[in-house]
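Visitor: Coordinates in target15.cif, mmCIF, C-alpha atoms, are listed below.
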```cif
data_final
loop_
_atom_site.group_PDB
_atom_site.id
_atom_site.type_symbol
_atom_site.label_atom_id
_atom_site.label_comp_id
_atom_site.auth_asym_id
_atom_site.auth_seq_id
_atom_site.Cartn_x
_atom_site.Cartn_y
_atom_site.Cartn_z
ATOM 1 C CA MET P 86 -0.288 -12.245 8.081
ATOM 2 C CA VAL P 87 2.179 -10.437 5.845
ATOM 3 C CA GLY P 88 5.625 -9.098 6.694
ATOM 4 C CA VAL P 89 7.063 -6.023 5.000
ATOM 5 C CA SER P 90 10.721 -5.111 4.674
ATOM 6 C CA LYS P 91 12.401 -2.218 2.910
ATOM 7 C CA ASP P 92 14.731 -4.718 1.242
ATOM 8 C CA ARG P 93 14.422 -5.845 -2.368
ATOM 9 C CA GLN P 94 12.047 -8.771 -2.898
ATOM 10 C CA GLU P 95 14.918 -11.191 -3.583
ATOM 11 C CA VAL P 96 16.501 -10.342 -0.217
ATOM 12 C CA SER P 97 13.131 -10.653 1.568
ATOM 13 C CA ASP P 98 12.570 -14.043 -0.085
ATOM 14 C CA ARG P 99 15.967 -15.354 1.070
ATOM 15 C CA PHE P 100 15.373 -14.053 4.615
ATOM 16 C CA ARG P 101 11.914 -15.653 4.735
ATOM 17 C CA GLU P 102 13.298 -18.985 3.529
ATOM 18 C CA SER P 103 16.242 -18.879 5.973
ATOM 19 C CA LEU P 104 13.804 -18.572 8.899
ATOM 20 C CA GLY P 105 11.122 -20.842 7.459
ATOM 21 C CA LEU P 106 8.473 -18.157 7.947
ATOM 22 C CA PRO P 107 4.958 -19.457 7.223
ATOM 23 C CA TYR P 108 3.763 -16.127 5.788
ATOM 24 C CA PRO P 109 4.779 -13.905 2.875
ATOM 25 C CA LEU P 110 7.454 -11.257 3.322
ATOM 26 C CA VAL P 111 7.029 -8.387 0.880
ATOM 27 C CA GLY P 112 9.991 -6.321 -0.256
ATOM 28 C CA ASP P 113 9.335 -2.571 -0.324
ATOM 29 C CA PRO P 114 12.562 -0.953 -1.571
ATOM 30 C CA GLY P 115 10.669 2.111 -2.814
ATOM 31 C CA GLY P 116 9.186 2.611 0.649
ATOM 32 C CA GLY P 117 5.559 3.089 -0.443
ATOM 33 C CA ILE P 118 4.153 0.695 2.148
ATOM 34 C CA LEU P 119 6.450 2.040 4.847
ATOM 35 C CA ARG P 120 5.302 5.594 4.125
ATOM 36 C CA ALA P 121 1.628 4.583 4.017
ATOM 37 C CA TYR P 122 1.877 3.065 7.502
ATOM 38 C CA LYS P 123 4.211 5.823 8.765
ATOM 39 C CA VAL P 124 6.878 3.390 9.977
ATOM 40 C CA LYS P 125 9.993 4.953 8.483
ATOM 41 C CA TRP P 126 12.411 6.781 10.772
ATOM 42 C CA PRO P 127 12.422 10.298 9.273
ATOM 43 C CA LEU P 128 16.119 11.166 9.298
ATOM 44 C CA ILE P 129 17.784 7.811 8.769
ATOM 45 C CA GLY P 130 15.229 6.161 6.468
ATOM 46 C CA VAL P 131 15.225 2.835 8.309
ATOM 47 C CA ALA P 132 11.968 0.985 8.917
ATOM 48 C CA GLN P 133 10.680 0.859 12.474
ATOM 49 C CA ARG P 134 9.671 -2.478 13.948
ATOM 50 C CA VAL P 135 5.881 -2.300 14.090
ATOM 51 C CA THR P 136 3.172 -4.948 14.187
ATOM 52 C CA TYR P 137 -0.302 -4.149 12.913
ATOM 53 C CA VAL P 138 -3.335 -6.380 13.205
ATOM 54 C CA VAL P 139 -5.795 -5.374 10.501
ATOM 55 C CA ALA P 140 -9.324 -6.764 10.286
ATOM 56 C CA ARG P 141 -10.917 -7.810 7.016
ATOM 57 C CA SER P 142 -12.889 -4.576 7.265
ATOM 58 C CA ARG P 143 -9.464 -2.847 7.012
ATOM 59 C CA LYS P 144 -9.792 -1.406 10.496
ATOM 60 C CA VAL P 145 -6.530 -1.464 12.449
ATOM 61 C CA ARG P 146 -7.190 -3.530 15.578
ATOM 62 C CA LEU P 147 -3.675 -3.164 17.009
ATOM 63 C CA ALA P 148 -0.552 -1.107 16.349
ATOM 64 C CA PHE P 149 2.413 -2.159 18.474
ATOM 65 C CA HIS P 150 5.820 -0.432 18.278
ATOM 66 C CA SER P 151 8.976 -1.850 19.844
ATOM 67 C CA GLU P 152 12.469 -1.981 18.414
ATOM 68 C CA LEU P 153 13.846 -4.281 21.093
ATOM 69 C CA ASP P 154 11.097 -6.535 22.446
ATOM 70 C CA ILE P 155 10.637 -8.932 19.528
ATOM 71 C CA GLU P 156 8.657 -11.493 21.563
ATOM 72 C CA ALA P 157 6.148 -8.823 22.582
ATOM 73 C CA HIS P 158 5.153 -8.341 18.938
ATOM 74 C CA MET P 159 3.894 -11.919 18.761
ATOM 75 C CA THR P 160 2.288 -11.786 22.206
ATOM 76 C CA LYS P 161 0.469 -8.529 21.472
ATOM 77 C CA ALA P 162 -0.710 -9.720 18.050
ATOM 78 C CA ARG P 163 -2.094 -12.942 19.514
ATOM 79 C CA GLY P 164 -3.953 -10.953 22.168
ATOM 80 C CA ALA P 165 -5.403 -8.363 19.773
ATOM 81 C CA PRO P 166 -9.125 -7.866 20.217
ATOM 82 C CA ALA P 167 -11.219 -9.845 17.801
ATOM 83 C CA ALA P 168 -14.012 -7.974 16.109
ATOM 84 C CA PRO P 169 -17.055 -9.236 14.289
ATOM 85 C CA GLU P 170 -16.518 -8.812 10.573
ATOM 86 C CA ALA P 171 -19.095 -6.674 8.856
#
```
Produce structure tokens that represent the structure in this file.
Guide:
Amino acid sequence: MVGVSKDRQEVSDRFRESLGLPYPLVGDPGGGILRAYKVKWPLIGVAQRVTYVVARSRKVRLAFHSELDIEAHMTKARGAPAAPEA
């Protein structure tokens, strides 16, 4: 699991530490990752709240979008279909 934020890496590191997150949080101030996954609001440039579950084969198993239902991101990710790795 990896989190991505449009903040600078130093800000992402402080946020991760403040919450005690057990996974890396990558800063993406240039927006390359956000653009690649098409999760940037076009007019305001803010990142959308999206959870992806990606298999080792790099196939996206789940894409869940919700700005308000934070708990649903975790629930949906936990329930994502498992796939045999090729």
Visitor: Can you list, as a PDB file with C-alpha atoms, in the frame of the given file, every protein, DNA or RNA residue that comes within 12 Å of stretch 128-130 of chain P when you count only C-alpha atoms, leaving out same-chain residues fewer than 4 positions away?
Guide:
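File written: result.pdb
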```pdb
ATOM      1  CA  LYS P  91      12.401  -2.218   2.910  1.00  0.00           C
ATOM      2  CA  PRO P 114      12.562  -0.953  -1.571  1.00  0.00           C
ATOM      3  CA  GLY P 115      10.669   2.111  -2.814  1.00  0.00           C
ATOM      4  CA  GLY P 116       9.186   2.611   0.649  1.00  0.00           C
ATOM      5  CA  LEU P 119       6.450   2.040   4.847  1.00  0.00           C
ATOM      6  CA  ARG P 120       5.302   5.594   4.125  1.00  0.00           C
ATOM      7  CA  LYS P 123       4.211   5.823   8.765  1.00  0.00           C
ATOM      8  CA  VAL P 124       6.878   3.390   9.977  1.00  0.00           C
TER       9      VAL P 124
END
```
Visitor: Box time for stretch 102-113 of chain P: axis-aligned, enclosing all its listed atoms, 4 Å extra on each side; report centre and edge lengths in Å to one decimal, as JSON.
Guide:
```
{"center_x": 10.0, "center_y": -11.7, "center_z": 4.3, "size_x": 20.5, "size_y": 26.3, "size_z": 17.2}
```
Visitor: So what do you get for atom CA of P:Gln94 versus atom CA of P:Tyr108, distance-wise?
Guide: 14.1 Å
Visitor: Name the residues in contact with stretch 146-159 of chain P at a cut-off of 12 Å, using all atoms listed in the file, excluding same-chain residues fewer than 2 positions from it; report them as an MDAnalysis selection string.
Guide: chainID P and resid 86 122:126 131:144 161:170
Visitor: Using the chain letters and numbers from this file, what does the PyMOL selection byres ((chain P and resi 89) around 7) select? Give the answer as a VMD selection string.
Guide: chain P and resid 87 to 88 90 to 91 110 to 113
Visitor: Those residues you just picked out, can you put them in a file as a compact mmCIF listing (two decimals), in the coordinates of the input with C-alpha atoms?
Guide:
```txt
# COMPACT_ATOMS: atom_id res chain seq x y z
CA VAL P 87 2.18 -10.44 5.84
CA GLY P 88 5.62 -9.10 6.69
CA SER P 90 10.72 -5.11 4.67
CA LYS P 91 12.40 -2.22 2.91
CA LEU P 110 7.45 -11.26 3.32
CA VAL P 111 7.03 -8.39 0.88
CA GLY P 112 9.99 -6.32 -0.26
CA ASP P 113 9.34 -2.57 -0.32
```
Visitor: One number please: atom CA of P:Arg101 to atom CA of P:Ala121, in Å, one decimal.
Guide: 22.7 Å
Visitor: So the first atom is atom CA of P:Thr160 and the second is atom CA of P:Arg99; what is the distance between them in Å, to one decimal place?
Guide: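 Separation between atom CA of P:Thr160 and atom CA of P:Arg99: 25.4 Å.
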Visitor: Mind rebuilding stretch 91-104 of chain P with N, CA and C atoms and writing that out as a PDB file, in the frame of the given file?
Guide:
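Listing of selection-v6.pdb after writing:
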```pdb
ATOM      1  N   LYS P  91      11.989  -3.177   3.926  1.00  0.00           N
ATOM      2  CA  LYS P  91      12.401  -2.218   2.910  1.00  0.00           C
ATOM      3  C   LYS P  91      13.429  -2.806   1.935  1.00  0.00           C
ATOM      4  N   ASP P  92      13.785  -4.050   2.136  1.00  0.00           N
ATOM      5  CA  ASP P  92      14.731  -4.718   1.242  1.00  0.00           C
ATOM      6  C   ASP P  92      14.078  -5.048  -0.100  1.00  0.00           C
ATOM      7  N   ARG P  93      14.932  -5.356  -1.081  1.00  0.00           N
ATOM      8  CA  ARG P  93      14.422  -5.845  -2.368  1.00  0.00           C
ATOM      9  C   ARG P  93      13.728  -7.184  -2.144  1.00  0.00           C
ATOM     10  N   GLN P  94      12.823  -7.542  -3.052  1.00  0.00           N
ATOM     11  CA  GLN P  94      12.047  -8.771  -2.898  1.00  0.00           C
ATOM     12  C   GLN P  94      12.947 -10.002  -2.818  1.00  0.00           C
ATOM     13  N   GLU P  95      14.014 -10.028  -3.602  1.00  0.00           N
ATOM     14  CA  GLU P  95      14.918 -11.191  -3.583  1.00  0.00           C
ATOM     15  C   GLU P  95      15.532 -11.374  -2.197  1.00  0.00           C
ATOM     16  N   VAL P  96      15.910 -10.285  -1.558  1.00  0.00           N
ATOM     17  CA  VAL P  96      16.501 -10.342  -0.217  1.00  0.00           C
ATOM     18  C   VAL P  96      15.438 -10.803   0.787  1.00  0.00           C
ATOM     19  N   SER P  97      14.228 -10.251   0.678  1.00  0.00           N
ATOM     20  CA  SER P  97      13.131 -10.653   1.568  1.00  0.00           C
ATOM     21  C   SER P  97      12.820 -12.137   1.413  1.00  0.00           C
ATOM     22  N   ASP P  98      12.832 -12.623   0.166  1.00  0.00           N
ATOM     23  CA  ASP P  98      12.570 -14.043  -0.085  1.00  0.00           C
ATOM     24  C   ASP P  98      13.621 -14.928   0.575  1.00  0.00           C
ATOM     25  N   ARG P  99      14.893 -14.563   0.452  1.00  0.00           N
ATOM     26  CA  ARG P  99      15.967 -15.354   1.070  1.00  0.00           C
ATOM     27  C   ARG P  99      15.841 -15.338   2.593  1.00  0.00           C
ATOM     28  N   PHE P 100      15.534 -14.173   3.165  1.00  0.00           N
ATOM     29  CA  PHE P 100      15.373 -14.053   4.615  1.00  0.00           C
ATOM     30  C   PHE P 100      14.214 -14.923   5.091  1.00  0.00           C
ATOM     31  N   ARG P 101      13.095 -14.850   4.383  1.00  0.00           N
ATOM     32  CA  ARG P 101      11.914 -15.653   4.735  1.00  0.00           C
ATOM     33  C   ARG P 101      12.257 -17.149   4.708  1.00  0.00           C
ATOM     34  N   GLU P 102      12.925 -17.576   3.660  1.00  0.00           N
ATOM     35  CA  GLU P 102      13.298 -18.985   3.529  1.00  0.00           C
ATOM     36  C   GLU P 102      14.283 -19.404   4.613  1.00  0.00           C
ATOM     37  N   SER P 103      15.233 -18.524   4.962  1.00  0.00           N
ATOM     38  CA  SER P 103      16.242 -18.879   5.973  1.00  0.00           C
ATOM     39  C   SER P 103      15.611 -19.101   7.343  1.00  0.00           C
ATOM     40  N   LEU P 104      14.483 -18.424   7.616  1.00  0.00           N
ATOM     41  CA  LEU P 104      13.804 -18.572   8.899  1.00  0.00           C
ATOM     42  C   LEU P 104      12.623 -19.536   8.834  1.00  0.00           C
TER      43      LEU P 104
END
```
